[in-house]
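Student: Here you go, this is protein-v6.txt (compact mmCIF, C-alpha atoms).
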# COMPACT_ATOMS: atom_id res chain seq x y z
CA MET O 25 -22.74 -10.36 53.16
CA LYS O 26 -23.23 -6.64 52.76
CA LYS O 27 -19.50 -6.24 52.21
CA LYS O 28 -19.62 -8.87 49.49
CA ILE O 29 -22.49 -7.18 47.68
CA GLY O 30 -20.73 -3.87 47.95
CA PHE O 31 -17.54 -5.38 46.51
CA VAL O 32 -19.38 -6.97 43.59
CA ALA O 33 -21.21 -3.73 42.89
CA ALA O 34 -17.94 -1.79 42.96
CA MET O 35 -16.25 -4.25 40.60
CA THR O 36 -19.22 -4.07 38.21
CA LEU O 37 -19.00 -0.29 38.24
CA VAL O 38 -15.28 -0.42 37.48
CA GLY O 39 -15.92 -2.90 34.68
CA LEU O 40 -18.64 -0.71 33.22
CA ALA O 41 -16.39 2.33 33.44
CA ILE O 42 -13.61 0.50 31.55
CA LEU O 43 -16.04 -0.81 28.94
CA SER O 44 -17.61 2.58 28.37
CA THR O 45 -14.26 4.28 27.87
CA ARG O 46 -13.19 1.50 25.50
CA PHE O 47 -16.33 1.89 23.47
CA TYR O 48 -15.99 5.64 23.41
CA GLU O 49 -12.46 5.30 22.16
CA VAL O 50 -13.06 2.60 19.58
CA ASP O 51 -16.62 3.47 18.62
CA LEU O 52 -17.24 0.04 17.18
CA PRO O 53 -20.76 -1.10 16.44
CA VAL O 54 -21.55 -4.17 18.50
CA TRP O 55 -22.36 -6.29 15.44
CA HIS O 56 -18.68 -6.38 14.57
CA PHE O 57 -18.20 -8.57 17.62
CA LEU O 58 -21.28 -10.64 16.90
CA GLY O 59 -20.97 -11.06 13.15
CA GLY O 60 -17.29 -10.57 12.51
CA GLY O 61 -15.27 -11.13 9.35
CA LYS O 62 -17.46 -8.92 7.19
CA GLY O 63 -14.95 -6.13 6.82
CA PRO O 64 -12.55 -5.72 3.93
CA ASP O 65 -9.63 -8.13 3.54
CA PRO O 66 -6.50 -6.21 4.64
CA ALA O 67 -4.43 -7.88 1.91
CA THR O 68 -6.61 -6.75 -1.00
CA LEU O 69 -7.57 -3.24 0.06
CA HIS O 70 -5.82 -1.77 -2.98
CA LEU O 71 -7.60 -4.01 -5.49
CA ARG O 72 -11.30 -3.53 -4.80
CA GLY O 73 -13.78 -1.97 -2.45
CA GLU O 74 -14.01 1.51 -0.99
CA PHE O 75 -10.36 1.71 0.09
CA VAL O 76 -8.73 1.72 -3.36
CA GLU O 77 -6.19 4.51 -3.52
CA SER O 78 -8.29 6.69 -5.84
CA ASN O 79 -11.14 6.73 -3.29
CA LEU O 80 -9.16 7.82 -0.21
CA GLY O 81 -9.58 11.27 1.28
CA ALA O 82 -12.57 13.50 1.92
CA ALA O 83 -15.59 12.71 -0.25
CA GLU O 84 -18.79 14.71 -0.37
CA GLY O 85 -21.83 12.50 -0.01
CA PRO O 86 -25.45 13.40 -0.65
CA VAL O 87 -26.96 16.34 1.30
CA GLY O 88 -23.64 17.92 2.18
CA SER O 89 -22.35 15.10 4.33
CA LEU O 90 -18.63 14.56 4.38
CA THR O 91 -16.91 11.16 4.57
CA VAL O 92 -13.18 10.76 5.12
CA ARG O 93 -11.69 7.40 4.16
CA MET O 94 -8.23 6.51 5.43
CA ILE O 95 -5.93 3.51 5.63
CA ALA O 96 -3.50 3.10 8.49
CA GLN O 97 -0.54 0.88 7.70
CA GLN O 98 3.03 0.28 8.83
CA PHE O 99 4.21 3.11 9.10
CA VAL O 100 2.25 5.77 7.25
CA PHE O 101 -1.33 6.95 7.13
CA VAL O 102 -2.85 7.22 3.68
CA PRO O 103 -3.61 9.95 2.83
CA GLN O 104 -0.98 11.44 5.06
CA CYS O 105 -2.63 14.85 5.11
CA ILE O 106 -6.41 15.26 5.21
CA VAL O 107 -8.40 18.47 4.97
CA VAL O 108 -11.89 19.01 6.43
CA PRO O 109 -14.15 22.05 6.98
CA ALA O 110 -14.71 23.48 10.47
CA GLY O 111 -18.05 23.13 12.21
CA VAL O 112 -19.32 20.33 9.99
CA PRO O 113 -19.68 16.77 11.24
CA VAL O 114 -17.03 14.66 9.58
CA HIS O 115 -17.74 10.98 9.13
CA PHE O 116 -14.61 8.84 9.31
CA ARG O 117 -14.29 5.40 7.75
CA ILE O 118 -10.96 3.89 8.67
CA THR O 119 -9.32 0.50 8.31
CA SER O 120 -5.87 -0.96 8.71
CA ALA O 121 -3.79 -2.89 6.18
CA ASP O 122 -1.70 -4.80 8.72
CA ALA O 123 -1.43 -4.24 12.47
CA VAL O 124 -3.67 -2.37 14.92
CA HIS O 125 -3.13 1.38 14.74
CA MET O 126 -4.78 4.32 16.40
CA LEU O 127 -5.29 7.87 15.24
CA SER O 128 -5.26 10.41 18.03
CA PHE O 129 -5.93 13.96 16.97
CA LEU O 130 -3.53 16.04 19.11
CA GLY O 131 -5.30 19.03 20.59
CA THR O 132 -8.69 17.37 20.69
CA ASP O 133 -10.06 14.59 22.87
CA TYR O 134 -10.80 12.49 19.84
CA GLY O 135 -9.24 9.21 18.80
CA LEU O 136 -9.97 6.36 16.46
CA LYS O 137 -8.70 2.83 16.36
CA ALA O 138 -7.85 1.22 13.03
CA LEU O 139 -8.15 -2.56 13.02
CA PRO O 140 -7.32 -4.94 10.16
CA GLY O 141 -10.44 -6.42 8.62
CA VAL O 142 -12.76 -3.96 10.33
CA VAL O 143 -14.06 -0.59 9.17
CA THR O 144 -14.11 1.78 12.13
CA GLU O 145 -16.83 4.37 11.71
CA SER O 146 -17.19 7.53 13.72
CA SER O 147 -18.26 11.15 13.40
CA PHE O 148 -16.64 14.21 14.88
CA THR O 149 -17.02 17.96 14.46
CA PHE O 150 -13.88 20.09 14.53
CA ASP O 151 -14.97 23.49 15.82
CA LYS O 152 -11.99 25.71 15.14
CA PRO O 153 -9.74 25.89 12.08
CA GLY O 154 -6.19 24.75 12.63
CA LYS O 155 -3.67 22.05 12.02
CA PHE O 156 -3.66 18.87 14.06
CA LYS O 157 -0.98 16.22 14.16
CA ILE O 158 -2.27 12.66 14.08
CA PRO O 159 0.31 10.44 15.75
CA CYS O 160 -0.26 6.70 15.79
CA HIS O 161 -1.32 5.92 19.34
CA GLU O 162 -1.04 2.14 19.35
CA PHE O 163 2.33 0.42 19.13
CA CYS O 164 2.42 -1.04 15.63
CA GLY O 165 6.06 -1.96 15.00
CA ALA O 166 9.59 -0.68 14.56
CA GLY O 167 8.66 2.62 12.90
CA HIS O 168 5.69 3.35 15.17
CA TYR O 169 7.08 6.49 16.80
CA ALA O 170 7.61 8.21 13.43
CA MET O 171 4.14 7.36 12.13
CA ARG O 172 2.30 10.61 11.93
CA GLY O 173 -0.41 12.12 9.78
CA GLN O 174 -1.78 15.61 9.59
CA LEU O 175 -5.28 17.08 9.68
CA GLU O 176 -6.03 20.55 8.38
CA VAL O 177 -9.29 22.13 9.49
CA VAL O 178 -10.14 25.06 7.24
CA PRO O 179 -13.04 27.55 7.52
CA ARG O 180 -16.21 26.26 5.94
CA ASP O 181 -16.35 28.82 3.14
CA GLN O 182 -12.72 28.18 2.30
CA PHE O 183 -13.36 24.50 1.88
CA ALA O 184 -14.24 24.77 -1.77
CA SER O 185 -17.05 22.53 -2.87
CA LEU O 186 -15.73 19.31 -4.24
CA LEU O 187 -15.88 18.68 -7.92
CA PRO O 188 -18.03 15.64 -8.51
CA GLY O 189 -15.84 12.58 -8.51
CA GLU O 190 -13.00 14.19 -6.61
CA ARG O 191 -11.43 13.17 -3.33
CA ARG O 192 -9.89 15.91 -1.28
CA THR O 193 -6.54 15.66 0.52
CA CYS O 194 -3.76 18.12 1.27
CA GLU O 195 -0.93 15.90 0.06
CA PRO O 196 1.91 17.69 -1.69
CA ARG O 197 1.72 16.98 -5.42
CA MET D 4 -45.87 -37.20 -44.87
CA SER D 5 -42.57 -37.90 -43.30
CA HIS D 6 -40.88 -35.41 -45.70
CA VAL D 7 -43.26 -32.54 -44.75
CA SER D 8 -42.91 -33.18 -41.05
CA ARG D 9 -39.13 -33.14 -41.40
CA THR D 10 -39.12 -29.70 -43.11
CA THR D 11 -41.50 -28.24 -40.53
CA ARG D 12 -39.32 -29.64 -37.81
CA LEU D 13 -36.29 -28.10 -39.48
CA ARG D 14 -38.04 -24.74 -39.77
CA LYS D 15 -39.08 -24.87 -36.15
CA GLY D 16 -35.54 -25.71 -35.20
CA LEU D 17 -34.20 -22.80 -37.23
CA ARG D 18 -36.63 -20.38 -35.66
CA CYS D 19 -35.71 -21.69 -32.26
CA PHE D 20 -32.03 -21.21 -33.10
CA GLU D 21 -32.67 -17.68 -34.36
CA THR D 22 -34.47 -16.61 -31.21
CA LEU D 23 -31.77 -18.14 -29.05
CA ALA D 24 -29.03 -16.40 -31.04
CA LEU D 25 -30.84 -13.07 -30.77
CA LEU D 26 -31.19 -13.54 -27.04
CA PHE D 27 -27.50 -14.32 -26.64
CA LEU D 28 -26.62 -11.25 -28.68
CA ALA D 29 -29.05 -9.06 -26.78
CA ILE D 30 -28.00 -10.01 -23.26
CA PRO D 31 -24.45 -8.60 -23.35
CA LEU D 32 -25.72 -5.52 -25.19
CA LEU D 33 -28.33 -4.89 -22.52
CA LEU D 34 -25.81 -5.48 -19.74
CA SER D 35 -23.25 -3.13 -21.27
CA GLY D 36 -25.92 -0.47 -21.70
CA ARG D 37 -26.88 -0.76 -18.05
CA LYS D 38 -23.24 -0.55 -16.97
CA SER D 39 -22.51 2.60 -18.96
CA SER D 40 -25.64 4.31 -17.66
CA ALA D 41 -24.64 3.42 -14.10
CA GLN D 42 -21.19 4.88 -14.64
CA SER D 43 -22.52 8.16 -15.92
CA ARG D 44 -25.04 8.50 -13.10
CA ASN D 45 -22.80 8.40 -10.05
CA SER D 46 -19.73 10.58 -9.78
CA GLU D 47 -17.21 8.07 -8.46
CA PRO D 48 -13.61 8.73 -9.47
CA PRO D 49 -12.13 6.12 -11.80
CA VAL D 50 -10.62 3.26 -9.81
CA ARG D 51 -6.84 3.34 -9.85
CA VAL D 52 -5.10 0.11 -8.86
CA SER D 53 -1.44 0.40 -7.95
CA SER D 54 -0.50 -3.24 -8.42
CA ASN D 55 -2.37 -6.43 -9.27
CA VAL D 56 -0.34 -8.35 -6.69
CA ALA D 57 -1.93 -8.75 -3.25
CA TRP D 58 -0.25 -10.55 -0.37
CA THR D 59 -2.80 -13.28 0.11
CA ASP D 60 -1.65 -16.63 1.50
CA GLU D 61 -1.68 -18.30 -1.94
CA THR D 62 0.41 -15.56 -3.52
CA ILE D 63 2.95 -15.65 -0.71
CA SER D 64 3.35 -19.42 -0.85
CA PHE D 65 3.60 -19.36 -4.66
CA ALA D 66 6.15 -16.55 -4.79
CA SER D 67 8.34 -18.07 -2.11
CA SER D 68 8.39 -21.65 -3.39
CA GLY D 69 10.61 -21.22 -6.46
CA ASN D 70 13.22 -23.70 -7.65
CA ALA D 71 16.60 -22.04 -7.22
CA PHE D 72 18.40 -24.36 -9.66
CA ARG D 73 15.95 -23.60 -12.43
CA GLY D 74 16.36 -19.96 -11.47
CA LEU D 75 20.11 -20.28 -11.94
CA LEU D 76 19.60 -21.46 -15.52
CA ILE D 77 17.16 -18.65 -16.34
CA ALA D 78 19.40 -16.07 -14.65
CA ARG D 79 22.04 -16.47 -17.36
CA ARG D 80 19.90 -14.09 -19.43
CA CYS D 81 20.00 -11.49 -16.65
CA ASN D 82 23.78 -11.59 -16.12
CA ARG D 83 24.67 -9.04 -18.74
CA CYS D 84 22.92 -6.17 -16.98
CA HIS D 85 22.57 -7.36 -13.39
CA GLY D 86 26.01 -8.91 -13.04
CA GLU D 87 27.14 -12.52 -12.84
CA GLU D 88 26.94 -12.56 -9.07
CA GLY D 89 23.97 -10.25 -8.85
CA PHE D 90 26.00 -7.04 -8.61
CA SER D 91 25.43 -4.67 -11.47
CA SER D 92 28.25 -2.45 -12.74
CA VAL D 93 25.86 0.15 -14.18
CA ALA D 94 24.24 2.58 -11.73
CA ALA D 95 20.85 2.47 -13.42
CA PHE D 96 20.44 -1.29 -12.93
CA PRO D 97 19.65 -2.69 -9.48
CA ASN D 98 21.79 -5.26 -7.68
CA LEU D 99 19.85 -8.49 -7.34
CA ALA D 100 22.08 -10.45 -4.95
CA GLY D 101 20.28 -11.19 -1.70
CA GLU D 102 17.05 -9.75 -3.07
CA ASP D 103 13.91 -10.50 -1.09
CA GLN D 104 11.83 -13.22 -2.80
CA LEU D 105 8.43 -11.59 -2.43
CA SER D 106 9.75 -8.22 -3.49
CA PHE D 107 11.49 -9.62 -6.59
CA TRP D 108 8.42 -11.60 -7.63
CA LYS D 109 6.08 -8.64 -7.19
CA GLN D 110 8.26 -6.33 -9.28
CA MET D 111 8.40 -8.90 -12.10
CA GLN D 112 4.61 -9.21 -12.09
CA ASP D 113 4.25 -5.45 -12.13
CA PHE D 114 6.64 -5.18 -15.07
CA ARG D 115 4.56 -7.75 -16.94
CA SER D 116 1.26 -6.03 -16.24
CA GLY D 117 2.69 -2.57 -16.97
CA LYS D 118 1.96 -1.34 -13.45
CA ARG D 119 5.63 -0.50 -13.13
CA ILE D 120 6.79 1.27 -16.26
CA SER D 121 10.04 0.09 -17.76
CA PRO D 122 10.36 -0.40 -21.54
CA VAL D 123 13.26 -2.84 -21.10
CA MET D 124 11.92 -4.90 -18.23
CA GLN D 125 8.38 -5.13 -19.62
CA GLY D 126 9.68 -6.93 -22.69
CA ILE D 127 11.80 -9.27 -20.59
CA GLY D 128 9.02 -9.84 -18.07
CA ASN D 129 6.60 -10.81 -20.84
CA GLY D 130 8.94 -13.64 -21.79
CA LEU D 131 8.85 -15.09 -18.28
CA THR D 132 5.95 -16.86 -16.60
CA ALA D 133 4.97 -16.30 -12.98
CA ARG D 134 6.67 -19.62 -12.17
CA ASP D 135 9.91 -18.45 -13.87
CA SER D 136 9.87 -15.30 -11.74
CA ALA D 137 9.44 -17.35 -8.58
CA ASP D 138 12.42 -19.53 -9.60
CA LEU D 139 14.55 -16.47 -10.30
CA ALA D 140 13.51 -14.99 -6.98
CA ALA D 141 14.62 -18.15 -5.19
CA TYR D 142 17.99 -18.05 -6.97
CA TYR D 143 18.76 -14.37 -6.39
CA SER D 144 17.69 -14.50 -2.75
CA MET D 145 20.37 -17.19 -2.23
CA LEU D 146 23.26 -15.19 -3.70
CA PRO D 147 25.62 -13.84 -1.02
CA THR D 148 25.49 -10.08 -0.54
CA ALA D 149 29.14 -9.62 0.40
CA SER D 150 31.44 -12.10 -1.23
CA ASP D 151 34.99 -11.55 -0.07
CA SER D 152 36.99 -8.80 1.56
CA GLN D 153 39.27 -8.17 -1.45
CA ASP D 154 36.33 -7.86 -3.76
CA ASN D 155 34.84 -4.40 -3.90
CA ARG D 156 32.54 -4.89 -6.89
CA ALA D 157 29.60 -4.67 -4.51
CA PHE D 158 30.21 -1.05 -3.56
CA PRO D 159 32.21 0.67 -6.28
CA HIS D 160 31.34 4.19 -5.12
CA VAL D 161 32.41 5.90 -1.95
CA MET D 162 30.36 8.63 -0.38
CA GLN D 163 31.10 11.90 -2.17
CA ASP D 164 30.17 14.29 0.61
CA PRO D 165 30.74 12.89 4.12
CA SER D 166 28.65 15.66 5.70
CA ARG D 167 25.62 14.10 4.04
CA ALA D 168 26.21 10.94 6.08
CA ARG D 169 24.62 12.58 9.12
CA ILE D 170 21.42 13.33 7.21
CA ALA D 171 21.35 9.78 5.89
CA ILE D 172 21.90 8.00 9.18
CA ARG D 173 19.24 10.14 10.85
CA LEU D 174 16.66 9.16 8.25
CA ILE D 175 17.69 5.50 8.09
CA VAL D 176 17.76 4.93 11.83
CA PHE D 177 15.29 7.46 13.25
CA GLY D 178 13.21 8.79 10.38
CA ASP D 179 11.57 12.15 10.89
CA GLY D 180 8.57 12.05 13.19
CA GLN D 181 7.67 15.69 12.60
CA ARG D 182 7.00 15.07 8.94
CA GLY D 183 5.75 11.52 9.34
CA ILE D 184 8.72 9.85 7.69
CA PRO D 185 9.35 6.44 9.22
CA PRO D 186 12.94 5.17 9.46
CA CYS D 187 14.07 3.23 6.37
CA GLN D 188 15.33 0.34 8.47
CA SER D 189 11.93 -0.35 10.01
CA CYS D 190 10.68 -1.77 6.70
CA HIS D 191 13.79 -2.40 4.57
CA GLY D 192 15.76 -4.18 7.28
CA PRO D 193 17.70 -5.12 9.23
CA VAL D 194 15.43 -4.07 12.11
CA ALA D 195 12.21 -5.27 10.49
CA TYR D 196 10.80 -6.12 7.08
CA VAL D 197 7.31 -5.62 5.76
CA LYS D 198 5.98 -7.82 2.98
CA GLY D 199 7.31 -6.76 -0.41
CA ALA D 200 9.94 -4.37 0.91
CA PRO D 201 13.38 -5.13 -0.55
CA PRO D 202 16.51 -5.04 1.62
CA LEU D 203 18.52 -1.93 0.77
CA ALA D 204 21.83 -2.65 2.46
CA THR D 205 23.58 -3.75 -0.76
CA GLN D 206 21.57 -1.82 -3.28
CA ASN D 207 23.01 0.36 -6.02
CA GLY D 208 23.11 4.05 -5.01
CA GLY D 209 22.27 5.45 -8.43
CA TYR D 210 19.33 3.09 -8.79
CA LEU D 211 17.98 4.02 -5.34
CA GLN D 212 18.09 7.73 -6.08
CA GLU D 213 16.31 7.25 -9.39
CA GLN D 214 13.54 5.22 -7.76
CA LEU D 215 13.07 7.75 -4.93
CA GLU D 216 12.66 10.47 -7.53
CA HIS D 217 10.23 8.37 -9.54
CA PHE D 218 8.15 7.71 -6.42
CA ALA D 219 8.16 11.40 -5.54
CA ASN D 220 7.13 12.68 -8.96
CA GLY D 221 4.54 9.97 -9.51
CA TYR D 222 6.29 8.18 -12.38
CA ARG D 223 6.45 4.96 -10.37
CA THR D 224 3.12 4.12 -8.75
CA ASN D 225 3.23 0.37 -8.06
CA ASP D 226 3.62 0.59 -4.27
CA ILE D 227 0.63 -0.97 -2.53
CA ASN D 228 -1.51 1.60 -0.64
CA VAL D 229 0.69 4.60 -1.59
CA ARG D 230 3.31 3.70 0.98
CA MET D 231 6.58 4.76 -0.68
CA ARG D 232 4.98 7.58 -2.62
CA SER D 233 3.80 9.35 0.53
CA ILE D 234 7.28 9.01 2.05
CA ALA D 235 9.30 10.01 -1.03
CA ARG D 236 7.12 13.09 -1.61
CA GLN D 237 8.25 14.50 1.72
CA LEU D 238 11.98 14.00 1.18
CA THR D 239 14.09 16.91 -0.01
CA GLU D 240 16.55 16.52 -2.90
CA ASP D 241 19.42 16.58 -0.43
CA GLU D 242 17.90 13.82 1.66
CA LYS D 243 17.25 11.59 -1.36
CA THR D 244 20.86 11.96 -2.47
CA ALA D 245 22.18 11.40 1.04
CA VAL D 246 20.22 8.20 1.69
CA SER D 247 21.01 6.69 -1.73
CA GLU D 248 24.71 7.52 -1.51
CA TYR D 249 24.91 6.14 1.99
CA TYR D 250 23.35 2.82 1.02
CA GLY D 251 25.27 2.79 -2.26
CA ALA D 252 28.60 3.14 -0.47
CA GLY D 253 27.84 0.06 1.63
CA LEU D 254 27.55 1.98 4.88
CA GLY D 255 23.91 1.13 5.57
CA PRO D 256 22.96 -1.08 8.50
CA GLY D 257 22.77 -4.77 7.72
CA VAL D 258 25.90 -5.09 5.60
CA ASN D 259 28.22 -7.91 6.56
CA PRO D 260 31.52 -6.53 7.87
CA ARG D 261 34.09 -6.63 5.12
Could you render the structure from this file as structure tokens?
Tutor:
Amino acid sequence: MKKKIGFVAAMTLVGLAILSTRFYEVDLPVWHFLGGGKGPDPATLHLRGEFVESNLGAAEGPVGSLTVRMIAQQFVFVPQCIVVPAGVPVHFRITSADAVHMLSFLGTDYGLKALPGVVTESSFTFDKPGKFKIPCHEFCGAGHYAMRGQLEVVPRDQFASLLPGERRTCEPR
Amino acid sequence: MSHVSRTTRLRKGLRCFETLALLFLAIPLLLSGRKSSAQSRNSEPPVRVSSNVAWTDETISFASSGNAFRGLLIARRCNRCHGEEGFSSVAAFPNLAGEDQLSFWKQMQDFRSGKRISPVMQGIGNGLTARDSADLAAYYSMLPTASDSQDNRAFPHVMQDPSRARIAIRLIVFGDGQRGIPPCQSCHGPVAYVKGAPPLATQNGGYLQEQLEHFANGYRTNDINVRMRSIARQLTEDEKTAVSEYYGAGLGPGVNPR
């Protein structure tokens, strides 16, 4: 009997450990599982809503908050190069246009999953300036291994204040 | 008595009509005023839409259910530039033989709406309905890509500089992970296709190079979610030439052996 209880307790602990790591990784609010289907339609991301191509990149919100909107799709991230200031919490809003993708910021312990029809929200503060590669960390198809974005963390004073109505990226123009 | 009551009724009716008319005039004015004030207040960037086509289930079933025989009849107008068997003899015009249905249909819609800029094709596209485009797409997707071994109309050009072939095959098969360039064949076949991506194996080299340049310099912007633009921006001039020449010479993967 005692053995049985011990076994059940151990299994519960393992389950909890797995769940907690999953949630840390994905950072999904629970209501996505309960409600569901309220996210943007992956097929019409480019037509309406917050993920139209002119709204992607780093946007300054009220009171100095910073939101980065990105689309992950087969087999490029859009925008492919994002720029954020160091030492400021960056709020990510990410969705996918087709398969499940994952952004893992090489050199940090931070990762974000991009799911079709769901907006993944998460905040992270990059302490030091530098360049981080963002490989796709979830197999998404034939070109998966070449799917890679880039994140540039620049000192806070160098991150010039955004002009109103501008979205910041470091894409070559 | 009856006369007086009729005039008063008429007057009342007129007044009623006047107030209603004023209301109907005022509502759109009020709404437009509110809209403009809302636009000036927040600092959102103007919405830029790359293409009006979205791959919803209805669009996909409409674009892929064309009548190929009707397409054949319409295609007689296209023969002069795009070739009688879908192989164009001019480098600036794309080959249409074996074209992907969804891709063909989307480009025609974008020509019509002006999302893809082409003075020639916009005029032609305006003369065709969405149904006509679907029929044409069905016809061209049925044309064989390699007709017979003696016939080399499909690939009139050979690769000028064979040393470029190494650059091309690296990009087509492996891409470049360091710069985030996926391999061409993972979307344009034969390994995998994504919706709206045309097969490139039998495409015209000159046309391909022109389109890559247009994607890179932002002249062509009708790719959904900035997909081709972010890839073409990263390619060097040498790489663009290499890939287009390689496909144009019929060396790309997915060509039937001749």
Student: Which one is closest to chain D: O:Gln174, O:Thr119, O:Thr91, O:Thr132? Count only C-alpha atoms.
Tutor: O:Gln174
Student: Given the point (-5.9, 18.7, 10.1) in the coordinates of this file, which residues lie within 7 Å, counting only C-alpha atoms, and how would they look as a count of residues only?
Tutor: 10
Student: With all atoms listed in the file as the counted atoms, please give the residues lying no more than 9 Å from stretch 109-117 of chain O, apart from itself and same-chain residues fewer than 5 positions off, as a JSON list (two decimals) with C-alpha atoms, keeping the file's coordinate frame.
Tutor:
[["chain", "number", "residue", "atom", "x", "y", "z"],
["O", 82, "ALA", "CA", -12.57, 13.50, 1.92],
["O", 89, "SER", "CA", -22.35, 15.10, 4.33],
["O", 90, "LEU", "CA", -18.63, 14.56, 4.38],
["O", 91, "THR", "CA", -16.91, 11.16, 4.57],
["O", 92, "VAL", "CA", -13.18, 10.76, 5.12],
["O", 93, "ARG", "CA", -11.69, 7.40, 4.16],
["O", 94, "MET", "CA", -8.23, 6.51, 5.43],
["O", 95, "ILE", "CA", -5.93, 3.51, 5.63],
["O", 136, "LEU", "CA", -9.97, 6.36, 16.46],
["O", 143, "VAL", "CA", -14.06, -0.59, 9.17],
["O", 144, "THR", "CA", -14.11, 1.78, 12.13],
["O", 145, "GLU", "CA", -16.83, 4.37, 11.71],
["O", 146, "SER", "CA", -17.19, 7.53, 13.72],
["O", 147, "SER", "CA", -18.26, 11.15, 13.40],
["O", 148, "PHE", "CA", -16.64, 14.21, 14.88],
["O", 149, "THR", "CA", -17.02, 17.96, 14.46],
["O", 150, "PHE", "CA", -13.88, 20.09, 14.53],
["O", 151, "ASP", "CA", -14.97, 23.49, 15.82],
["O", 152, "LYS", "CA", -11.99, 25.71, 15.14],
["O", 153, "PRO", "CA", -9.74, 25.89, 12.08],
["O", 154, "GLY", "CA", -6.19, 24.75, 12.63],
["O", 176, "GLU", "CA", -6.03, 20.55, 8.38],
["O", 177, "VAL", "CA", -9.29, 22.13, 9.49],
["O", 178, "VAL", "CA", -10.14, 25.06, 7.24],
["O", 179, "PRO", "CA", -13.04, 27.55, 7.52],
["O", 180, "ARG", "CA", -16.21, 26.26, 5.94],
["O", 181, "ASP", "CA", -16.35, 28.82, 3.14],
["O", 182, "GLN", "CA", -12.72, 28.18, 2.30],
["O", 183, "PHE", "CA", -13.36, 24.50, 1.88]]
Student: Residues of chain D were defined as contacting chain O if any atom lay at most 6 Å from it, counting only C-alpha atoms; please report them as a PyMOL selection string.
Tutor: chain D and resi 46-48+50-52+57-59+180+183+185+189+228
Student: Hey, which of D:Pro165, D:Asn98, D:Arg83, D:Ser67 ends up closest to D:Ala133? Count only C-alpha atoms.
Tutor: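 Closest candidate: D:Ser67.
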Student: What is the atom CA of D:Ile63 to atom CA of D:Ala100 distance in Å?
Tutor: 20.3 Å
Student: Which one of D:Pro256, D:Gly86, D:Pro49, D:Gly251 sits closest to D:Leu146 if you count only C-alpha atoms?
Tutor: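 The answer is D:Gly86, which sits nearest to D:Leu146.
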Student: Distance atom CA of D:Gln112-atom CA of D:Leu99, one decimal place?
Tutor: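 For atom CA of D:Gln112 relative to atom CA of D:Leu99, the distance reads 16.0 Å.
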Student: Write out as a list in words which residues come within 10 Å of D:Ala204 when counting all atoms listed in the file, dropping same-chain ones fewer than 5 positions away.
Tutor: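 Returned residues: Gly101, Thr148, Gln188, His191, Gly192, Pro193, Tyr249, Tyr250, Gly251, Ala252, Gly253, Leu254, Gly255, Pro256, Gly257, Val258 and Asn259 of chain D.
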Student: Once you count only C-alpha atoms, which residues end up no further than 6 Å from (13.1, 7.5, 9.7) in the file's frame, shown as an mmCIF file with C-alpha atoms, in the coordinates of the input?
Tutor:
data_model
loop_
_atom_site.group_PDB
_atom_site.id
_atom_site.type_symbol
_atom_site.label_atom_id
_atom_site.label_comp_id
_atom_site.auth_asym_id
_atom_site.auth_seq_id
_atom_site.Cartn_x
_atom_site.Cartn_y
_atom_site.Cartn_z
ATOM 1 C CA LEU D 174 16.660 9.160 8.250
ATOM 2 C CA ILE D 175 17.690 5.500 8.090
ATOM 3 C CA VAL D 176 17.760 4.930 11.830
ATOM 4 C CA PHE D 177 15.290 7.460 13.250
ATOM 5 C CA GLY D 178 13.210 8.790 10.380
ATOM 6 C CA ASP D 179 11.570 12.150 10.890
ATOM 7 C CA ILE D 184 8.720 9.850 7.690
ATOM 8 C CA PRO D 185 9.350 6.440 9.220
ATOM 9 C CA PRO D 186 12.940 5.170 9.460
ATOM 10 C CA CYS D 187 14.070 3.230 6.370
#
Student: How about completing stretch 106-113 of chain O with N, CA and C atoms and giving it to me as an mmCIF file, in the coordinates of the input?
Tutor:
data_model
loop_
_atom_site.group_PDB
_atom_site.id
_atom_site.type_symbol
_atom_site.label_atom_id
_atom_site.label_comp_id
_atom_site.auth_asym_id
_atom_site.auth_seq_id
_atom_site.Cartn_x
_atom_site.Cartn_y
_atom_site.Cartn_z
ATOM 1 N N ILE O 106 -5.005 15.151 5.611
ATOM 2 C CA ILE O 106 -6.410 15.260 5.210
ATOM 3 C C ILE O 106 -6.923 16.648 5.556
ATOM 4 N N VAL O 107 -7.866 17.139 4.775
ATOM 5 C CA VAL O 107 -8.400 18.470 4.970
ATOM 6 C C VAL O 107 -9.915 18.386 5.119
ATOM 7 N N VAL O 108 -10.443 19.041 6.180
ATOM 8 C CA VAL O 108 -11.890 19.010 6.430
ATOM 9 C C VAL O 108 -12.358 20.427 6.782
ATOM 10 N N PRO O 109 -13.637 20.740 6.593
ATOM 11 C CA PRO O 109 -14.150 22.050 6.980
ATOM 12 C C PRO O 109 -14.464 22.102 8.474
ATOM 13 N N ALA O 110 -14.409 23.307 9.050
ATOM 14 C CA ALA O 110 -14.710 23.480 10.470
ATOM 15 C C ALA O 110 -16.218 23.533 10.679
ATOM 16 N N GLY O 111 -16.651 23.017 11.823
ATOM 17 C CA GLY O 111 -18.050 23.130 12.210
ATOM 18 C C GLY O 111 -18.995 22.226 11.452
ATOM 19 N N VAL O 112 -18.476 21.274 10.735
ATOM 20 C CA VAL O 112 -19.320 20.330 9.990
ATOM 21 C C VAL O 112 -18.990 18.928 10.490
ATOM 22 N N PRO O 113 -20.010 18.125 10.805
ATOM 23 C CA PRO O 113 -19.680 16.770 11.240
ATOM 24 C C PRO O 113 -18.975 15.980 10.148
#
